[in-house]
Structure formats: structure tokens, C-alpha cells
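Undergrad: So I've got this file, target_19.cif, and it contains mmCIF, C-alpha atoms:
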```
data_structure
loop_
_atom_site.group_PDB
_atom_site.id
_atom_site.type_symbol
_atom_site.label_atom_id
_atom_site.label_comp_id
_atom_site.auth_asym_id
_atom_site.auth_seq_id
_atom_site.Cartn_x
_atom_site.Cartn_y
_atom_site.Cartn_z
ATOM 1 C CA MET A 87 122.350 143.394 157.408
ATOM 2 C CA LEU A 88 122.777 141.510 154.118
ATOM 3 C CA ILE A 89 122.838 137.715 154.401
ATOM 4 C CA LEU A 90 123.946 135.376 151.625
ATOM 5 C CA ALA A 91 121.986 132.133 151.957
ATOM 6 C CA SER A 92 124.616 130.022 150.200
ATOM 7 C CA ARG A 93 127.781 128.126 151.090
ATOM 8 C CA SER A 94 129.219 128.498 147.565
ATOM 9 C CA PRO A 95 132.672 130.112 147.641
ATOM 10 C CA ARG A 96 132.064 131.298 144.073
ATOM 11 C CA ARG A 97 128.908 133.182 145.079
ATOM 12 C CA ARG A 98 130.719 134.630 148.077
ATOM 13 C CA HIS A 99 133.502 135.926 145.807
ATOM 14 C CA LEU A 100 131.090 137.410 143.252
ATOM 15 C CA LEU A 101 128.927 139.116 145.882
ATOM 16 C CA GLY A 102 132.115 140.556 147.386
ATOM 17 C CA LEU A 103 132.855 142.201 144.037
ATOM 18 C CA LEU A 104 129.777 144.384 144.545
ATOM 19 C CA GLY A 105 131.516 146.011 147.504
ATOM 20 C CA VAL A 106 128.803 145.427 150.091
ATOM 21 C CA GLU A 107 129.242 143.864 153.515
ATOM 22 C CA PHE A 108 127.449 140.601 154.099
ATOM 23 C CA VAL A 109 127.435 137.502 156.250
ATOM 24 C CA VAL A 110 127.016 133.918 155.077
ATOM 25 C CA ARG A 111 124.294 131.639 156.432
ATOM 26 C CA PRO A 112 123.947 128.551 154.239
ATOM 27 C CA ALA A 113 120.518 127.067 153.750
ATOM 28 C CA ALA A 114 119.863 123.396 154.403
ATOM 29 C CA ILE A 115 117.060 122.202 152.161
ATOM 30 C CA LEU A 116 116.370 119.076 150.165
ATOM 31 C CA GLU A 117 117.201 119.964 146.567
ATOM 32 C CA ARG A 118 115.101 117.791 144.317
ATOM 33 C CA ARG A 119 113.287 118.299 141.057
ATOM 34 C CA LEU A 120 109.531 117.901 140.943
ATOM 35 C CA PRO A 121 108.041 115.722 138.179
ATOM 36 C CA GLY A 122 107.798 117.695 134.934
ATOM 37 C CA GLU A 123 109.430 120.787 136.451
ATOM 38 C CA ARG A 124 111.245 122.895 133.864
ATOM 39 C CA PRO A 125 114.843 123.921 134.683
ATOM 40 C CA GLU A 126 113.954 127.617 135.035
ATOM 41 C CA ARG A 127 111.121 126.884 137.472
ATOM 42 C CA LEU A 128 113.325 124.497 139.427
ATOM 43 C CA ALA A 129 116.045 127.126 139.881
ATOM 44 C CA VAL A 130 113.561 129.801 140.989
ATOM 45 C CA ARG A 131 111.789 127.460 143.416
ATOM 46 C CA LEU A 132 115.034 126.292 145.017
ATOM 47 C CA ALA A 133 116.379 129.847 145.343
ATOM 48 C CA ARG A 134 113.155 130.881 147.096
ATOM 49 C CA GLU A 135 113.150 127.819 149.372
ATOM 50 C CA LYS A 136 116.776 128.413 150.406
ATOM 51 C CA THR A 137 116.079 132.056 151.164
ATOM 52 C CA LEU A 138 112.950 131.293 153.174
ATOM 53 C CA ALA A 139 114.707 128.525 155.139
ATOM 54 C CA VAL A 140 117.359 130.980 156.307
ATOM 55 C CA ALA A 141 114.776 133.706 157.004
ATOM 56 C CA LEU A 142 112.861 131.340 159.282
ATOM 57 C CA SER A 143 116.048 130.489 161.183
ATOM 58 C CA LEU A 144 116.688 134.129 162.170
ATOM 59 C CA SER A 145 115.778 135.632 165.512
ATOM 60 C CA PRO A 146 112.950 138.208 165.414
ATOM 61 C CA ARG A 147 115.483 141.047 165.792
ATOM 62 C CA GLU A 148 117.714 139.718 162.987
ATOM 63 C CA ARG A 149 114.679 139.184 160.801
ATOM 64 C CA SER A 150 113.589 142.814 161.146
ATOM 65 C CA LEU A 151 117.009 144.074 160.022
ATOM 66 C CA ALA A 152 117.939 141.513 157.381
ATOM 67 C CA VAL A 153 117.942 141.400 153.619
ATOM 68 C CA LEU A 154 118.545 137.841 152.417
ATOM 69 C CA LEU A 155 119.906 136.741 149.064
ATOM 70 C CA GLY A 156 119.481 133.127 147.993
ATOM 71 C CA ALA A 157 120.500 131.536 144.708
ATOM 72 C CA ASP A 158 120.360 128.320 142.758
ATOM 73 C CA THR A 159 122.133 127.355 139.542
ATOM 74 C CA VAL A 160 120.900 124.684 137.154
ATOM 75 C CA VAL A 161 122.740 123.317 134.125
ATOM 76 C CA ALA A 162 120.224 122.132 131.528
ATOM 77 C CA LEU A 163 120.703 120.244 128.295
ATOM 78 C CA GLY A 164 117.245 120.465 126.793
ATOM 79 C CA ASP A 165 114.974 119.605 129.713
ATOM 80 C CA SER A 166 117.569 117.353 131.315
ATOM 81 C CA VAL A 167 119.077 118.857 134.476
ATOM 82 C CA MET A 168 122.662 118.214 135.575
ATOM 83 C CA GLY A 169 123.478 118.716 139.219
ATOM 84 C CA LYS A 170 126.794 118.219 140.967
ATOM 85 C CA PRO A 171 128.317 114.849 140.059
ATOM 86 C CA HIS A 172 128.468 112.230 142.800
ATOM 87 C CA SER A 173 131.413 110.368 141.281
ATOM 88 C CA ALA A 174 134.178 110.754 138.724
ATOM 89 C CA ARG A 175 132.266 108.394 136.441
ATOM 90 C CA GLU A 176 129.162 110.611 136.601
ATOM 91 C CA ALA A 177 131.293 113.710 135.927
ATOM 92 C CA ARG A 178 132.792 112.041 132.833
ATOM 93 C CA ARG A 179 129.304 111.110 131.629
ATOM 94 C CA MET A 180 128.032 114.688 132.081
ATOM 95 C CA LEU A 181 130.988 116.193 130.241
ATOM 96 C CA ALA A 182 130.633 113.691 127.394
ATOM 97 C CA SER A 183 126.981 114.708 126.988
ATOM 98 C CA LEU A 184 127.935 118.424 126.894
ATOM 99 C CA SER A 185 130.746 117.824 124.400
ATOM 100 C CA GLY A 186 130.195 119.655 121.103
ATOM 101 C CA ARG A 187 126.795 120.988 122.191
ATOM 102 C CA THR A 188 125.171 124.159 123.499
ATOM 103 C CA HIS A 189 123.383 124.037 126.850
ATOM 104 C CA ARG A 190 121.672 126.513 129.181
ATOM 105 C CA VAL A 191 122.794 127.654 132.597
ATOM 106 C CA VAL A 192 119.997 129.105 134.704
ATOM 107 C CA THR A 193 120.743 130.981 137.908
ATOM 108 C CA ALA A 194 117.791 132.173 139.944
ATOM 109 C CA LEU A 195 118.001 134.713 142.749
ATOM 110 C CA ALA A 196 115.556 135.367 145.573
ATOM 111 C CA VAL A 197 115.690 138.436 147.817
ATOM 112 C CA TRP A 198 113.753 138.551 151.089
ATOM 113 C CA ILE A 199 113.302 141.849 152.945
ATOM 114 C CA GLY A 200 112.896 141.308 156.665
ATOM 115 C CA ARG A 201 111.133 144.549 157.509
ATOM 116 C CA THR A 202 108.305 143.772 155.058
ATOM 117 C CA GLY A 203 108.480 139.985 154.871
ATOM 118 C CA LYS A 204 108.272 140.214 151.078
ATOM 119 C CA MET A 205 110.295 138.115 148.671
ATOM 120 C CA THR A 206 111.101 138.781 145.031
ATOM 121 C CA SER A 207 112.824 136.494 142.578
ATOM 122 C CA GLY A 208 114.262 136.501 139.095
ATOM 123 C CA HIS A 209 116.603 134.536 136.912
ATOM 124 C CA ARG A 210 119.115 134.771 134.083
ATOM 125 C CA VAL A 211 119.792 132.242 131.323
ATOM 126 C CA THR A 212 123.181 131.920 129.624
ATOM 127 C CA LYS A 213 123.892 129.668 126.646
ATOM 128 C CA VAL A 214 127.253 127.900 126.815
ATOM 129 C CA THR A 215 128.813 126.058 123.874
ATOM 130 C CA PHE A 216 131.354 123.317 124.510
ATOM 131 C CA ALA A 217 134.030 122.237 122.058
ATOM 132 C CA ARG A 218 134.083 118.579 121.083
ATOM 133 C CA LEU A 219 136.020 116.764 123.813
ATOM 134 C CA GLU A 220 137.907 113.499 123.401
ATOM 135 C CA ARG A 221 137.487 110.875 126.114
ATOM 136 C CA ASP A 222 141.091 111.282 127.301
ATOM 137 C CA ARG A 223 140.708 115.043 127.662
ATOM 138 C CA ILE A 224 137.558 114.554 129.747
ATOM 139 C CA ARG A 225 139.336 112.006 131.941
ATOM 140 C CA ARG A 226 142.310 114.346 132.542
ATOM 141 C CA TYR A 227 139.969 117.199 133.487
ATOM 142 C CA VAL A 228 137.943 115.039 135.871
ATOM 143 C CA ASP A 229 141.201 113.805 137.442
ATOM 144 C CA THR A 230 141.950 117.418 138.508
ATOM 145 C CA GLY A 231 138.973 117.228 140.903
ATOM 146 C CA GLU A 232 137.562 120.560 139.697
ATOM 147 C CA PRO A 233 134.286 119.124 138.326
ATOM 148 C CA MET A 234 133.244 117.475 141.575
ATOM 149 C CA ASP A 235 131.710 120.485 143.348
ATOM 150 C CA VAL A 236 129.904 122.234 140.494
ATOM 151 C CA ALA A 237 126.657 121.736 138.604
ATOM 152 C CA GLY A 238 127.220 120.232 135.180
ATOM 153 C CA ALA A 239 130.694 119.001 136.238
ATOM 154 C CA TYR A 240 132.590 122.052 135.004
ATOM 155 C CA ALA A 241 133.822 125.416 136.287
ATOM 156 C CA ILE A 242 133.887 128.041 133.532
ATOM 157 C CA GLN A 243 136.127 130.271 135.668
ATOM 158 C CA GLY A 244 138.618 127.429 136.065
ATOM 159 C CA LEU A 245 140.285 124.921 133.784
ATOM 160 C CA ALA A 246 137.065 124.202 131.889
ATOM 161 C CA GLY A 247 137.278 127.654 130.345
ATOM 162 C CA VAL A 248 139.526 126.150 127.657
ATOM 163 C CA PHE A 249 136.629 123.900 126.519
ATOM 164 C CA ILE A 250 134.220 126.779 125.912
ATOM 165 C CA PRO A 251 134.545 128.697 122.622
ATOM 166 C CA ARG A 252 131.266 130.598 122.960
ATOM 167 C CA VAL A 253 129.093 132.063 125.706
ATOM 168 C CA SER A 254 125.885 133.947 125.007
ATOM 169 C CA GLY A 255 124.902 135.908 128.098
ATOM 170 C CA SER A 256 126.356 136.582 131.516
ATOM 171 C CA VAL A 257 129.502 134.688 132.519
ATOM 172 C CA SER A 258 128.914 135.531 136.211
ATOM 173 C CA ASN A 259 125.543 133.781 135.800
ATOM 174 C CA VAL A 260 127.380 130.580 134.819
ATOM 175 C CA VAL A 261 129.681 130.934 137.837
ATOM 176 C CA GLY A 262 126.620 131.159 140.090
ATOM 177 C CA LEU A 263 125.600 134.787 140.679
ATOM 178 C CA PRO A 264 124.490 137.057 137.825
ATOM 179 C CA LEU A 265 125.989 140.329 139.014
ATOM 180 C CA ASP A 266 123.653 142.596 137.042
ATOM 181 C CA LEU A 267 120.540 140.924 138.430
ATOM 182 C CA ALA A 268 121.955 140.724 141.974
ATOM 183 C CA ALA A 269 122.853 144.436 142.007
ATOM 184 C CA THR A 270 119.421 145.449 140.667
ATOM 185 C CA MET A 271 117.459 143.286 143.102
ATOM 186 C CA LEU A 272 119.558 144.287 146.122
ATOM 187 C CA ALA A 273 119.276 147.991 145.256
ATOM 188 C CA ARG A 274 115.485 147.634 145.081
ATOM 189 C CA ALA A 275 115.609 145.973 148.506
ATOM 190 C CA GLY A 276 117.375 149.039 149.937
ATOM 191 C CA VAL A 277 120.943 147.706 150.125
ATOM 192 C CA ARG A 278 123.316 150.661 149.927
ATOM 193 C CA GLY A 279 126.827 151.006 148.548
ATOM 194 C CA LEU A 280 126.258 149.067 145.339
ATOM 195 C CA PRO A 281 128.063 150.163 142.164
#
```
Translate this file's structure into C-alpha cells.
TA:
Amino acid sequence: MLILASRSPRRRHLLGLLGVEFVVRPAAILERRLPGERPERLAVRLAREKTLAVALSLSPRERSLAVLLGADTVVALGDSVMGKPHSAREARRMLASLSGRTHRVVTALAVWIGRTGKMTSGHRVTKVTFARLERDRIRRYVDTGEPMDVAGAYAIQGLAGVFIPRVSGSVSNVVGLPLDLAATMLARAGVRGLP
């Protein structure tokens, strides 16, 4: 039984593209950055904590049969981390700081195998370049509501795609689940039916 330890509809959609059956059990953890923690380490730690939290919530029988997949995505401009905006004002501020610049998107995955109790993790980094955005264009985008549920205040697979002239790396990583890494890690964990 494959369990996705995430409530993200984008991760659900991407995992579904791999053609494997899975159930969703979101993790409830406190997502906070430790002092001095680099974005890559933060993403890996949170992915592992989410996965472990769901593993510990399973019954002994479920645990023995389960393979869990947890993920965390971090948008980083230098060492500054941008989470999901809490307000339209914060979303506008984030987008203004990304305007005309290249930033990193880090998605970390953790896979826990119930029969062995072992967990592995890995991550992908994608560089995303934004066009220069005028204040009015940012305001109109934020007014659509799209930026309010995504790290960095933009959805590359949505309207924000028009702001992005260049991507270096995996686009599915920016959406929230690097498909190449997910398929490799799940295959190693014994999940069958992957492409």
C-alpha cells in the first residue's frame, strides 16, 4: 500500500501520473526553519518529519504493508526562504522580490518502507528565472487568488507560467513532486507498476 503523506492537490495529480494506486494521509507537523538551516536541509528535514509522522500514526498491520512518500518544497532566493503567503500583501512582496531574478526551488522526498522501518531521502533543485514584473501586473495576479496556497506565491503550472522565461531543471520539481526522483525512489522501495 502506497501512502502519500501530503494534502497537496498538485502532488496528488503528479503522483497519479506515475500510474500507481495510492491513498492520501496528510501529515500534521509544525513547519519551521531552524536557525542557520540552509533551504536544501530544511526541505529534506521537513519531508522526513512528515513521512515519519504519518508512519507513526499507522496501525501495526498498516505499517507492515505500507510504503510512505512525503515531500516538502522550498522556494529560496539566496538563503532566504519563501513559504506560502499569509496575505495578499505578503504575496505581492514575495513576487516583487522574485521579479527579474533567478531563484531556486528545492523539493525533497522521503520514502519510508514499513516492512524494514528504513527511510531514504533525496532532493532536486530547479532554477527558475522570472521576468521583470510591474507592480500592477503583480497586483492583478495576486487578485486571482492563485498565489495564496503555494510556496513563493506563484504556481508555475498556472497563470504564473507567463512570468517565467527560463527554467533550468525539472518543472515537476517546481510544482511539488520531481517525477524522476519519485519514480526512482519508489521503485527501489518495491513499488510496482511504475513507468
Undergrad: Distance table requested - stretch 173-258 of chain A against stretch 148-164 of chain A, cut-off 9 Å, all atoms listed in the file: one row per qualifying residue with the closest atom pair and its distance in Å to one decimal, ordered by chain and rising residue number, as a tab-separated table.
TA:
```
residue	atom	partner	partner_atom	distance
A:Ser183	CA	A:Leu163	CA	8.5
A:Leu184	CA	A:Leu163	CA	7.6
A:Arg187	CA	A:Leu163	CA	8.7
A:Thr188	CA	A:Leu163	CA	7.6
A:His189	CA	A:Leu163	CA	4.9
A:Arg190	CA	A:Ala162	CA	5.2
A:Val191	CA	A:Val161	CA	4.6
A:Val192	CA	A:Val160	CA	5.1
A:Thr193	CA	A:Thr159	CA	4.2
A:Ala194	CA	A:Asp158	CA	5.4
A:Leu195	CA	A:Ala157	CA	4.5
A:Ala196	CA	A:Gly156	CA	5.1
A:Val197	CA	A:Leu155	CA	4.7
A:Trp198	CA	A:Leu154	CA	5.0
A:Ile199	CA	A:Val153	CA	4.7
A:Gly200	CA	A:Ser150	CA	4.8
A:Arg201	CA	A:Ser150	CA	4.7
A:Thr202	CA	A:Ser150	CA	8.1
A:Gly203	CA	A:Ser150	CA	8.6
A:Ala237	CA	A:Val161	CA	6.2
A:Gly238	CA	A:Val161	CA	5.5
```
Undergrad: Quick one: distance from atom CA of A:Val236 to atom CA of A:Arg179 in Å, one decimal?
TA: 14.2 Å
Undergrad: Once the PyMOL selection byres ((chain A and resi 96-109) around 8) is applied to the coordinates I shared, what remains selected? I want it as a ChimeraX atom specification.
TA: /A:87-90,92-95,110-111,258,261-263,265,269,278-281
Undergrad: Of the candidates A:Ala182, A:Val248, A:Asp165, A:Pro264, which one gets nearest to A:Gly122 if we count all atoms listed in the file?
TA: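 Ranked by minimum distance to A:Gly122, first place goes to A:Asp165.
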Undergrad: Distance atom CA of A:His172-atom CA of A:Asp222, one decimal place?
TA: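 Rounded to one decimal, the two atoms are 20.0 Å apart.
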Undergrad: So what do you get for atom CA of A:Val130 versus atom CA of A:Ser185, distance-wise?
TA: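 Atom CA of A:Val130 sits 26.7 Å away from atom CA of A:Ser185.
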Undergrad: Do a neighbour search on A:Ile250 at 10 Å with all atoms listed in the file, toss out local chain neighbours closer than 6 positions, and write the hits as a list in words.
TA: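 Close residues of A:Ile250: Ser185, Gly186, Thr188, Val214, Thr215, Phe216, Ala217, Arg218 and Ile242 of chain A.
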Undergrad: Take the PyMOL selection byres ((chain A and resi 115) around 12), run it mentally on this structure, and tell me the resulting residues as a ChimeraX atom specification.
TA: /A:91-92,112-114,116-118,131-140,156,158
Undergrad: Which one of A:Leu142, A:Val211, A:Ala273, A:Met180 sits closest to A:Ser254 if you count only C-alpha atoms?
TA: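 Going through A:Leu142, A:Val211, A:Ala273, A:Met180 one by one, the smallest distance to A:Ser254 is for A:Val211.
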Undergrad: With only C-alpha atoms as the basis for distance, which of A:Gly276, A:Met271, A:Tyr240, A:Thr212 is at the shortest distance from A:Arg252?
TA: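 Of A:Gly276, A:Met271, A:Tyr240, A:Thr212, the one nearest A:Arg252 is A:Thr212, counting only C-alpha atoms.
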Undergrad: Which residue gives the smallest distance to A:Ala268 among A:Arg223, A:Glu123, A:Pro171, A:His209, with all atoms listed in the file counted?
TA: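 Using all atoms listed in the file, the shortest distance to A:Ala268 belongs to A:His209.
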Undergrad: Pick the closest to A:Phe249 from A:Met205, A:Val228, A:Leu219, A:Met234: which is it, counting only C-alpha atoms?
TA: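 So, comparing all the options, the nearest one is A:Leu219.
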Undergrad: Between A:Leu267, A:Ala177, A:Gly255, A:Arg274, which is the closest to A:Thr230 once you count only C-alpha atoms?
TA: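 Nearest candidate to A:Thr230 out of A:Leu267, A:Ala177, A:Gly255, A:Arg274: A:Ala177.
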Undergrad: List the residues sitting within 6 Å of (132.0, 111.1, 136.1) in the file's frame, using only C-alpha atoms, as a PyMOL selection string.
TA: chain A and resi 173-179
